[in-house]
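Undergrad: Pasting a structure here, questions to come.
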Amino acid sequence: MKRFAFVCVWSIVCAILAAASAAPSGAQKLADPLPVAPGQKVFGQSCASCHANPATANRAPDLKTLMQFAPEAVYAAVTSGNMVVAAQGLSDADERAVAEYLGGRPLDLTDTGSAEKMTNRCAANAGFNGPSASSWNGWGADRGNTRFLSGQTAGLNAGQVPQLKLKWAFGFPKGDTAFGQPTVVGGRVFVGSDNGYVYSLDAASGCVYWSFHAKSGVRTAPTVAALKGQGAATFAVYFGDQRTNAYALDAGTGKLLWTKALSDHYASRITGAPSLYDGVLYVPISATEEAFSAAPAYPCCTFRGSVVALDANTGDQLWRTYVIPEEPQPVRKNTLGTQMWAPAGAAIWSAPTIDEKRHVLYVGTGDAYTEPAATNSDAVVAMDLKTGAIKWSFQAVPNDAWMVGCVPVSTENCPKDLGVDWDFGSSPILLNLAGHRQILLATSKSGTVFGLDPDRGGAVRWSVNLSETKAPNNGQIAFGGAADSNTLYVALEDGTFAAIDAASGRRAWQVRLESLENLGAPTNNGENRTKAGLRFGQSAAVTGIPGAVFTPGWDGVVRALSTRDGKILWQFNTAQDFQTANGVAAKGGSMGGPGATVAGGMLYVPSGYANVGGGMPGNVLLAFSAK
């Protein structure tokens, strides 16, 4: 990405803040695309004149450089280091806020999230011996991202599900969103957190072996695999953070083996779990540019979604493919004189799916930010595993140029024909059907499920729309379903849950879930609410074992449904306080993103999801067992 994306962004932020504060009230007032974070405001008002000014580039670190520092390092610089004089007008609250904003995670001056500070350190660490027969590794548990385990691999069957009881809870210090899906391999749980810590826990007891503090929050599911050339380390834990850094840690000790920064675009993120195959780590790149790009002072838009292939042993880049091949070019200026750019968008929010037979990977892409919408936006895209070359693309919704910052008030930066935001936020599922046939299942935010033919360039075999009404912009299907050899199980935002015959697309059954508290009326944006005002519905990923599927809800309830007819086998309200194994005060809340994972006869559920409107905060990982 061109350097201008860093050079000018914070000058732009200053202009946005000034314009917003000076604008008149009423319809003429510029609506903030999203609430301005306290640290963002402090930086724009007090720091950007030097650190986002090309004239001082030789004397002051630019934003790209600053965002590589931990928040503790930034705080030290403004309180006792070389920035004390420049920061003397800031309050302690301002100093903490700007440190957290630049650092990308909560400030942790006393290492409260460190394993060394926890009361449940494992008595000994005998080393990590690698994957076992019963494990859940990465986002989808297998290369096809089916999110479905056999009974033998899961160590849990449908008959045992009603007997599930809470065995232990682990609290994430200072957390409010438990968006890291746990990986369970070799008797250990590996899980990231919004506070930037990654933990290795004992799967049976929840005692903590080690912690590692990443540069930013970690929402990706870790992947564990063997590696070579790293001394005594024989297995690595791979993950990405919210600042587009990829990491490899020694799975036994938590020691950093390598880390790579994969994007220099200000807004880029890694939200989907990296996928590993044959010694190569495939990392999807997404972004938050559409959140603030509607502001007239912002030069919309320059981000393009991509996949980066890394050598898993060294972190060296093998290739990068942008799903929008054309680089952004200047297209026009708005009335403020701000240069507009295109094409842009098509973020990749979810984990790539690996197709060993055809030597390709599949990704789902986000909406376009600019008009005309790029052909690979709102699409399933197939790339060559070795070279990254795009083999084919299936676009579900043409002309879906959309930005979250354009809702509800549009600006001249916004697409004139604002789209519907019906992109693919979930991983495609590559499923083996009877007779050695395969099908690629793709779930769109519109509520439509597509059965694609991987042998015919993604040709549509069938499609079915599960949404009873037009899907809102936040979508009906977010993080995706689970599939066995016959059936796809899908949860919808409106509380609907459906089972679809994978070969034909026919609905096997469909049920409407109900909150423990009766539903109230839908809100203006189509969301359902309980009588207490809590958001209701299912957007978290589904998890399956033979006879049962697990679906976590916005209302804080995780449910197990029968795969035969959708009847509830078991449910547990996670929205409560818990006594934790590590002595950290913790509570559960909404579950809107990561799914449950299953291994060794246990069910693991992260609870808390406050970074989307209506979600209840929470900071706990819950482990259930039928024994």
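Following the order of the structure tokens, first chain is A, next is B, and so on, with residues numbered from 1 inside each chain and ligands from 1 in the order they appear.
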Within 10 Å of Ala154 (chain A), counting only C-alpha atoms, which residues show up once you throw out same-chain ones fewer than 4 positions away? Write them as a list in words, please.
TA: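 In the requested format, the answer is Ala133, Ser134, Ser135, Trp136, Phe148, Leu149, Ser150, Gly544, Ile545, Pro546, Thr597, Val598, Ala599, Gly600, Gly601, Met602 and Leu603 of chain A.
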Undergrad: Please list as a ChimeraX atom specification every residue within 8 Å of Phe578 (chain A), counting only C-alpha atoms and excluding residues in the same chain fewer than 2 positions away.
TA: /A:169,576,580,585-588
Undergrad: Pick from A:Lys627, A:Arg147, A:Lys445, A:Lys386: nearest to Pro594 (chain A), with only C-alpha atoms counted?
TA: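 So, comparing all the options, the nearest one is A:Arg147.
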Undergrad: Nearest to Ala626 (chain A) among A:Trp570, A:Ser444, A:Gly480, A:Met67, with distances taken over only C-alpha atoms: which residue is it?
TA: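 That would be A:Trp570, the residue with the smallest distance to Ala626 (chain A).
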Undergrad: Among region 484-600 of chain A, which residues carry a DSSP assignment of strand (DSSP E or B), reported as a VMD selection string?
TA: chain A and resid 487 to 491 496 to 501 507 to 512 519 528 to 530 535 to 536 543 to 545 548 to 552 557 to 562 568 to 573 577 to 578 586 to 587 597 to 599
Undergrad: Quick one: residues within 9 Å of region 119-130 of chain A, only C-alpha atoms counted, chain neighbours fewer than 5 positions away excluded, as a list of chain:residue names?
TA: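 Near region 119-130 of chain A, the qualifying residues are A:Val185, A:Gly186, A:Gly187, A:Arg188, A:Leu201, A:Asp202, A:Gly206, A:Cys207, A:Val208, A:Tyr209, A:Trp210, A:Val224, A:Ala225, A:Ala226, A:Thr234, A:Phe235, A:Ala251, A:Gly252, A:Thr253, A:Ala581, A:Asn582, A:Gly583, A:Val584.
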Undergrad: Could the residues in this selection be written to a file with C-alpha atoms, as a PDB file, in the first residue's frame?
TA:
ATOM      1  CA  VAL A 185      -4.284 -29.553  20.914  1.00  0.00           C
ATOM      2  CA  GLY A 186      -2.232 -32.108  22.834  1.00  0.00           C
ATOM      3  CA  GLY A 187      -4.068 -31.554  26.100  1.00  0.00           C
ATOM      4  CA  ARG A 188      -3.547 -27.792  25.993  1.00  0.00           C
ATOM      5  CA  LEU A 201      -3.684 -23.594  29.529  1.00  0.00           C
ATOM      6  CA  ASP A 202      -4.089 -27.152  30.691  1.00  0.00           C
ATOM      7  CA  GLY A 206      -7.392 -24.546  33.300  1.00  0.00           C
ATOM      8  CA  CYS A 207      -4.023 -24.043  34.981  1.00  0.00           C
ATOM      9  CA  VAL A 208      -1.779 -21.720  32.965  1.00  0.00           C
ATOM     10  CA  TYR A 209       1.539 -22.820  31.457  1.00  0.00           C
ATOM     11  CA  TRP A 210       2.624 -19.565  29.850  1.00  0.00           C
ATOM     12  CA  VAL A 224      -0.537 -25.416  16.069  1.00  0.00           C
ATOM     13  CA  ALA A 225       1.859 -27.292  13.783  1.00  0.00           C
ATOM     14  CA  ALA A 226       5.319 -28.806  13.599  1.00  0.00           C
ATOM     15  CA  THR A 234       9.521 -28.438  17.358  1.00  0.00           C
ATOM     16  CA  PHE A 235       5.928 -27.153  17.408  1.00  0.00           C
ATOM     17  CA  ALA A 251       4.121 -24.112  21.616  1.00  0.00           C
ATOM     18  CA  GLY A 252       5.882 -25.547  24.659  1.00  0.00           C
ATOM     19  CA  THR A 253       7.272 -22.371  26.205  1.00  0.00           C
ATOM     20  CA  ALA A 581      -9.265 -20.858  38.133  1.00  0.00           C
ATOM     21  CA  ASN A 582      -6.755 -18.033  37.724  1.00  0.00           C
ATOM     22  CA  GLY A 583      -8.252 -15.738  40.351  1.00  0.00           C
ATOM     23  CA  VAL A 584      -9.281 -13.011  37.887  1.00  0.00           C
TER      24      VAL A 584
END
Undergrad: In Å, rounded to a single decimal, give me how far CA of Asn432 (chain A) is from CA of Arg564 (chain A).
TA: 20.0 Å
Undergrad: In Å to one decimal, how far is CA of Ser263 (chain A) from CA of Tyr277 (chain A)?
TA: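 Pair CA of Tyr277 (chain A) / CA of Ser263 (chain A) returns 22.0 Å.
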Undergrad: Within 8 Å of region 296-305 of chain A, counting only C-alpha atoms, which residues qualify if same-chain residues fewer than 4 places away don't, as a ChimeraX atom specification?
TA: /A:1,5,9,12-13,15-16,265,267-268,284-287,289,292,322-324,328,334,336,338-348,365,369-370,411-413
